Amino acid sequence: MTTILDGKKLRDKILENLKLKLEKYKKKPNLTVILIGNDEASRIYVKNKQITAEKIGINSTVIRYPETITENELTEEIHTLNMDENVHAILVQLPLPKHISKEKIIGMISPQKDVDGFTPYNFGKLFSGEKPFVYPCTPKGILLLLDEYNIKLDGKHAVIVGRSNIVGKPLMQMLLNRNATVTICHSHTKKLSEITKTADILISAAGENIIKEKMIKPGCVVVDVGIFKDSTGRTRGDVDFENVSKIASYISPVPGGVGPMTIASLMLNTVELFEKKNHSD
Ligand code: GUN
């Protein structure tokens with residue numbers, strides 16, 4: 001029997017606690033999101049973030065720019081937000097248009113307001129084993145979900161499929177911090193199934209429906225980070241849920257698994273940055 005890792009249920013619990021906590025403060029935290037262009041998926045993500053923030057007492061500002069914005073204009077906007085006392089958390093929605101350097105823009109965000117934990121300062125802190133101001137949202141959400149179900153990580157073999165800065169790399173370090181043995185696989189990995197079959201915990205963030213039953217060790221914990229629409233318009237993840245769920249001990253669904261946890265982590269990070277700022281004033 002498999003157990004579903006219910007991200008919606010845990011998200012609701014986290015949001016309810018945050019709401020109660022924020023009711024006690026005189027000021028509200030502000031999360032400012034910069035959204036560039038008309039990418040459909042990004043617009044939906046940003047809308048969801050905004051609705052969730054407002055529901056729990058976080059002021060959310062969305063600044064929209066057309067695709068044609070220059071790198072300089074964006075740099076100036078981030079500088080303004082860095083200086084603005086009323087802005088506690090800044091998120092630049094990715095992907096950015098091709099003519100803008102993601103590294104340069106992310107590197108401009110003040111580490112104390114870097115709600116994604118993506119700046120070189122926060123990434124460097126994470127990878128050197130020190131505490132960043134906040135941890136990246138998706139890996140943080142995955143660990144919260146595993147902890148909620150008392151899934152032990154110490155000494156376990158965790159296999160991550162995907163090496164992005166958003167998920168794979170920070171997750172690797174966060175799992176190492178918890179004493180897991182970690183393997184990262186990616187699009188050039190040879191004999192992927194032979195590696196995934198040795199996983200006690202398999203986390204897939206490939207963005208393709210590639211994880212099949214024959215790639216899984218019975219009893220494995222399977223976490224699906226992928227979310228996309230297939231050719232019929234159905235929302236899918238990386239994992240063949242129907243068949244993999246027959247042999248996995250735990251499995252996260254898509255939708256309703258990691259996605260809601262990413263949003264919950266973003267709200268947690270916003271509140272953490274707000275609290276750090278107010279305690280240091
Ligand atoms: N685009 C997809 N996921 C993310 C994320 O976690 N943060 C940002 N800033 N952009 C994203």
# chains A, B, ... in the order shown; residues from 1 in each chain; ligands from 1
>>> residues_around(residues="A:Ala248", least_positions_apart="2", cutoff="7 Å", atoms="only C-alpha atoms", output="list in words")
Thr2, Pro218, Gly219, Cys220, Val221, Val222, Val244, Ser245, Lys246, Tyr250 and Ile251 of chain A
>>> write_last_selection(atoms="C-alpha atoms", output="compact mmCIF listing (two decimals), in the first residue's frame")
# COMPACT_ATOMS: atom_id res chain seq x y z
CA THR A 2 1.34 3.39 -0.94
CA PRO A 218 9.86 -1.58 -4.38
CA GLY A 219 9.23 0.50 -1.25
CA CYS A 220 10.96 3.59 -2.65
CA VAL A 221 9.73 7.06 -1.63
CA VAL A 222 8.91 8.92 -4.86
CA VAL A 244 4.67 3.62 -9.85
CA SER A 245 2.20 4.09 -6.99
CA LYS A 246 1.68 0.29 -6.99
CA TYR A 250 5.12 6.98 -0.49
CA ILE A 251 4.42 9.07 -3.58
>>> residues_near_ligand(ligand="ligand 1", cutoff="7 Å", atoms="only C-alpha atoms and all ligand atoms", output="ChimeraX atom specification")
/A:42,91-95,116,137-138,166
>>> select_by_dssp(residues="stretch 21-79 of chain A", states="strand (DSSP E or B)", output="list in words")
Asn30, Leu31, Thr32, Val33, Ile34, Leu35, Ile36, Asn59, Ser60, Thr61, Val62, Ile63, Arg64 and Tyr65 of chain A
>>> closest_residue(among="A:Leu10, A:Ala199, A:Leu126, A:Leu96", to="A:Gly257", atoms="only C-alpha atoms")
A:Leu10
>>> residues_around(residues="A:Asn177", least_positions_apart="2", cutoff="12 Å", atoms="only C-alpha atoms", output="tab-separated table (two decimals) with all heavy atoms, in the first residue's frame")
chain	number	residue	atom	x	y	z
A	126	LEU	N	24.74	28.29	1.61
A	126	LEU	CA	24.16	26.93	1.61
A	126	LEU	C	25.24	25.90	1.30
A	126	LEU	O	25.38	24.90	2.01
A	126	LEU	CB	23.02	26.87	0.58
A	126	LEU	CG	22.40	25.49	0.34
A	126	LEU	CD1	21.72	24.97	1.60
A	126	LEU	CD2	21.38	25.54	-0.79
A	127	PHE	N	26.02	26.16	0.25
A	127	PHE	CA	26.99	25.15	-0.19
A	127	PHE	C	28.23	25.08	0.70
A	127	PHE	O	28.97	24.10	0.64
A	127	PHE	CB	27.35	25.37	-1.67
A	127	PHE	CG	26.31	24.79	-2.58
A	127	PHE	CD1	25.17	25.51	-2.93
A	127	PHE	CD2	26.43	23.48	-3.02
A	127	PHE	CE1	24.18	24.95	-3.72
A	127	PHE	CE2	25.44	22.91	-3.81
A	127	PHE	CZ	24.31	23.65	-4.17
A	128	SER	N	28.45	26.10	1.50
A	128	SER	CA	29.59	26.00	2.42
A	128	SER	C	29.15	25.42	3.76
A	128	SER	O	29.94	25.34	4.69
A	128	SER	CB	30.25	27.37	2.59
A	128	SER	OG	29.34	28.24	3.22
A	129	GLY	N	27.88	25.05	3.85
A	129	GLY	CA	27.39	24.40	5.07
A	129	GLY	C	26.97	25.40	6.14
A	129	GLY	O	26.69	25.03	7.26
A	130	GLU	N	26.94	26.71	5.76
A	130	GLU	CA	26.45	27.72	6.71
A	130	GLU	C	24.98	27.99	6.45
A	130	GLU	O	24.42	27.53	5.47
A	130	GLU	CB	27.24	29.02	6.51
A	130	GLU	CG	28.68	28.92	6.94
A	130	GLU	CD	29.40	30.21	6.63
A	130	GLU	OE1	29.15	31.21	7.32
A	130	GLU	OE2	30.17	30.22	5.66
A	131	LYS	N	24.39	28.85	7.30
A	131	LYS	CA	22.96	29.14	7.12
A	131	LYS	C	22.76	30.30	6.16
A	131	LYS	O	23.26	31.40	6.42
A	131	LYS	CB	22.35	29.54	8.47
A	131	LYS	CG	21.84	28.38	9.24
A	131	LYS	CD	20.89	28.85	10.32
A	131	LYS	CE	20.10	27.65	10.73
A	131	LYS	NZ	19.33	27.65	11.80
A	143	LEU	N	11.47	18.89	1.64
A	143	LEU	CA	11.93	18.38	2.95
A	143	LEU	C	10.83	18.51	4.00
A	143	LEU	O	10.66	17.62	4.84
A	143	LEU	CB	13.20	19.10	3.40
A	143	LEU	CG	14.46	18.81	2.57
A	143	LEU	CD1	15.70	19.34	3.25
A	143	LEU	CD2	14.64	17.33	2.29
A	153	LEU	N	15.91	10.46	6.54
A	153	LEU	CA	16.85	10.73	5.45
A	153	LEU	C	18.26	10.25	5.77
A	153	LEU	O	19.04	9.93	4.87
A	153	LEU	CB	16.88	12.24	5.17
A	153	LEU	CG	15.52	12.85	4.80
A	153	LEU	CD1	15.60	14.37	4.75
A	153	LEU	CD2	15.05	12.32	3.45
A	154	ASP	N	18.58	10.19	7.04
A	154	ASP	CA	19.94	9.84	7.48
A	154	ASP	C	20.36	8.47	6.93
A	154	ASP	O	19.69	7.47	7.16
A	154	ASP	CB	19.95	9.81	9.03
A	154	ASP	CG	21.34	9.92	9.58
A	154	ASP	OD1	22.21	9.12	9.17
A	154	ASP	OD2	21.58	10.80	10.42
A	155	GLY	N	21.46	8.46	6.17
A	155	GLY	CA	21.99	7.21	5.63
A	155	GLY	C	21.25	6.66	4.42
A	155	GLY	O	21.65	5.64	3.85
A	170	PRO	N	20.39	22.85	-5.08
A	170	PRO	CA	20.18	23.14	-3.65
A	170	PRO	C	19.62	21.95	-2.87
A	170	PRO	O	19.98	21.72	-1.72
A	170	PRO	CB	19.19	24.32	-3.65
A	170	PRO	CG	18.62	24.41	-5.03
A	170	PRO	CD	19.62	23.77	-5.95
A	171	LEU	N	18.77	21.16	-3.53
A	171	LEU	CA	18.21	19.98	-2.85
A	171	LEU	C	19.31	19.00	-2.48
A	171	LEU	O	19.31	18.41	-1.39
A	171	LEU	CB	17.16	19.31	-3.74
A	171	LEU	CG	16.49	18.07	-3.17
A	171	LEU	CD1	15.75	18.40	-1.87
A	171	LEU	CD2	15.51	17.47	-4.17
A	172	MET	N	20.29	18.83	-3.39
A	172	MET	CA	21.42	17.95	-3.11
A	172	MET	C	22.09	18.37	-1.79
A	172	MET	O	22.31	17.55	-0.90
A	172	MET	CB	22.44	18.05	-4.26
A	172	MET	CG	23.73	17.34	-3.98
A	172	MET	SD	24.99	17.74	-5.19
A	172	MET	CE	25.53	19.34	-4.61
A	173	GLN	N	22.37	19.65	-1.68
A	173	GLN	CA	23.08	20.13	-0.48
A	173	GLN	C	22.21	19.98	0.77
A	173	GLN	O	22.69	19.61	1.84
A	173	GLN	CB	23.50	21.59	-0.69
A	173	GLN	CG	24.31	22.15	0.45
A	173	GLN	CD	25.61	21.39	0.69
A	173	GLN	OE1	26.30	21.00	-0.25
A	173	GLN	NE2	25.93	21.15	1.95
A	174	MET	N	20.92	20.27	0.62
A	174	MET	CA	20.04	20.18	1.79
A	174	MET	C	19.87	18.73	2.26
A	174	MET	O	19.74	18.45	3.44
A	174	MET	CB	18.70	20.85	1.48
A	174	MET	CG	18.87	22.37	1.40
A	174	MET	SD	17.55	23.24	0.54
A	174	MET	CE	16.22	23.14	1.72
A	175	LEU	N	19.91	17.78	1.30
A	175	LEU	CA	19.85	16.36	1.67
A	175	LEU	C	21.17	15.92	2.31
A	175	LEU	O	21.18	15.13	3.25
A	175	LEU	CB	19.53	15.51	0.44
A	175	LEU	CG	18.08	15.59	-0.05
A	175	LEU	CD1	17.95	14.99	-1.45
A	175	LEU	CD2	17.13	14.86	0.91
A	179	ASN	N	22.41	14.20	6.12
A	179	ASN	CA	23.15	12.93	6.12
A	179	ASN	C	22.61	11.86	5.17
A	179	ASN	O	22.79	10.66	5.40
A	179	ASN	CB	23.25	12.34	7.53
A	179	ASN	CG	24.01	13.26	8.45
A	179	ASN	OD1	25.00	13.87	8.03
A	179	ASN	ND2	23.56	13.40	9.68
A	180	ALA	N	21.95	12.29	4.10
A	180	ALA	CA	21.60	11.33	3.05
A	180	ALA	C	22.82	11.15	2.14
A	180	ALA	O	23.70	12.01	2.10
A	180	ALA	CB	20.42	11.86	2.23
A	181	THR	N	22.86	10.02	1.44
A	181	THR	CA	23.85	9.83	0.37
A	181	THR	C	23.14	10.26	-0.91
A	181	THR	O	22.05	9.77	-1.19
A	181	THR	CB	24.24	8.33	0.28
A	181	THR	OG1	24.77	7.96	1.54
A	181	THR	CG2	25.26	8.10	-0.82
A	182	VAL	N	23.74	11.20	-1.64
A	182	VAL	CA	22.98	11.80	-2.75
A	182	VAL	C	23.63	11.54	-4.10
A	182	VAL	O	24.85	11.70	-4.25
A	182	VAL	CB	22.85	13.33	-2.55
A	182	VAL	CG1	21.93	13.94	-3.60
A	182	VAL	CG2	22.33	13.67	-1.15
>>> closest_residue(among="A:Lys191, A:Lys169, A:Lys156, A:Arg11", to="A:Ser265", atoms="only C-alpha atoms")
A:Arg11
>>> atom_distance(atom1="atom CA of A:Asp224", atom2="atom CA of A:Gly57")
29.7 Å
>>> select_by_dssp(residues="stretch 120-174 of chain A", states="alpha helix (DSSP H)", output="list in words")
Pro120, Tyr121, Asn122, Phe123, Gly124, Lys125, Leu126, Phe127, Cys137, Thr138, Pro139, Lys140, Gly141, Ile142, Leu143, Leu144, Leu145, Leu146, Asp147, Glu148, Gly168, Lys169, Pro170, Leu171, Met172, Gln173 and Met174 of chain A
>>> residues_around(residues="A:Met108", least_positions_apart="4", cutoff="9 Å", atoms="only C-alpha atoms", output="list in words")
Thr75, Ile78, His79, Asn82, Glu103, Lys104 and Thr119 of chain A
>>> write_last_selection(atoms="N, CA, C and O atoms", output="compact mmCIF listing (two decimals), in the first residue's frame")
# COMPACT_ATOMS: atom_id res chain seq x y z
N THR A 75 17.73 46.36 -13.64
CA THR A 75 18.73 46.56 -12.59
C THR A 75 18.32 47.73 -11.69
O THR A 75 18.40 47.66 -10.47
N ILE A 78 15.45 46.81 -9.38
CA ILE A 78 15.87 45.98 -8.24
C ILE A 78 16.61 46.84 -7.21
O ILE A 78 16.40 46.69 -6.00
N HIS A 79 17.40 47.77 -7.69
CA HIS A 79 18.10 48.68 -6.78
C HIS A 79 17.08 49.46 -5.93
O HIS A 79 17.22 49.57 -4.71
N ASN A 82 15.58 47.14 -3.38
CA ASN A 82 16.55 46.85 -2.32
C ASN A 82 16.55 47.95 -1.26
O ASN A 82 16.70 47.69 -0.06
N GLU A 103 21.94 35.64 -14.21
CA GLU A 103 22.96 35.69 -13.15
C GLU A 103 23.14 37.11 -12.65
O GLU A 103 23.23 37.37 -11.45
N LYS A 104 23.19 38.05 -13.61
CA LYS A 104 23.41 39.44 -13.23
C LYS A 104 22.22 39.96 -12.40
O LYS A 104 22.41 40.61 -11.37
N THR A 119 20.55 34.09 -4.63
CA THR A 119 21.70 34.98 -4.86
C THR A 119 23.00 34.23 -4.54
O THR A 119 23.00 33.28 -3.76
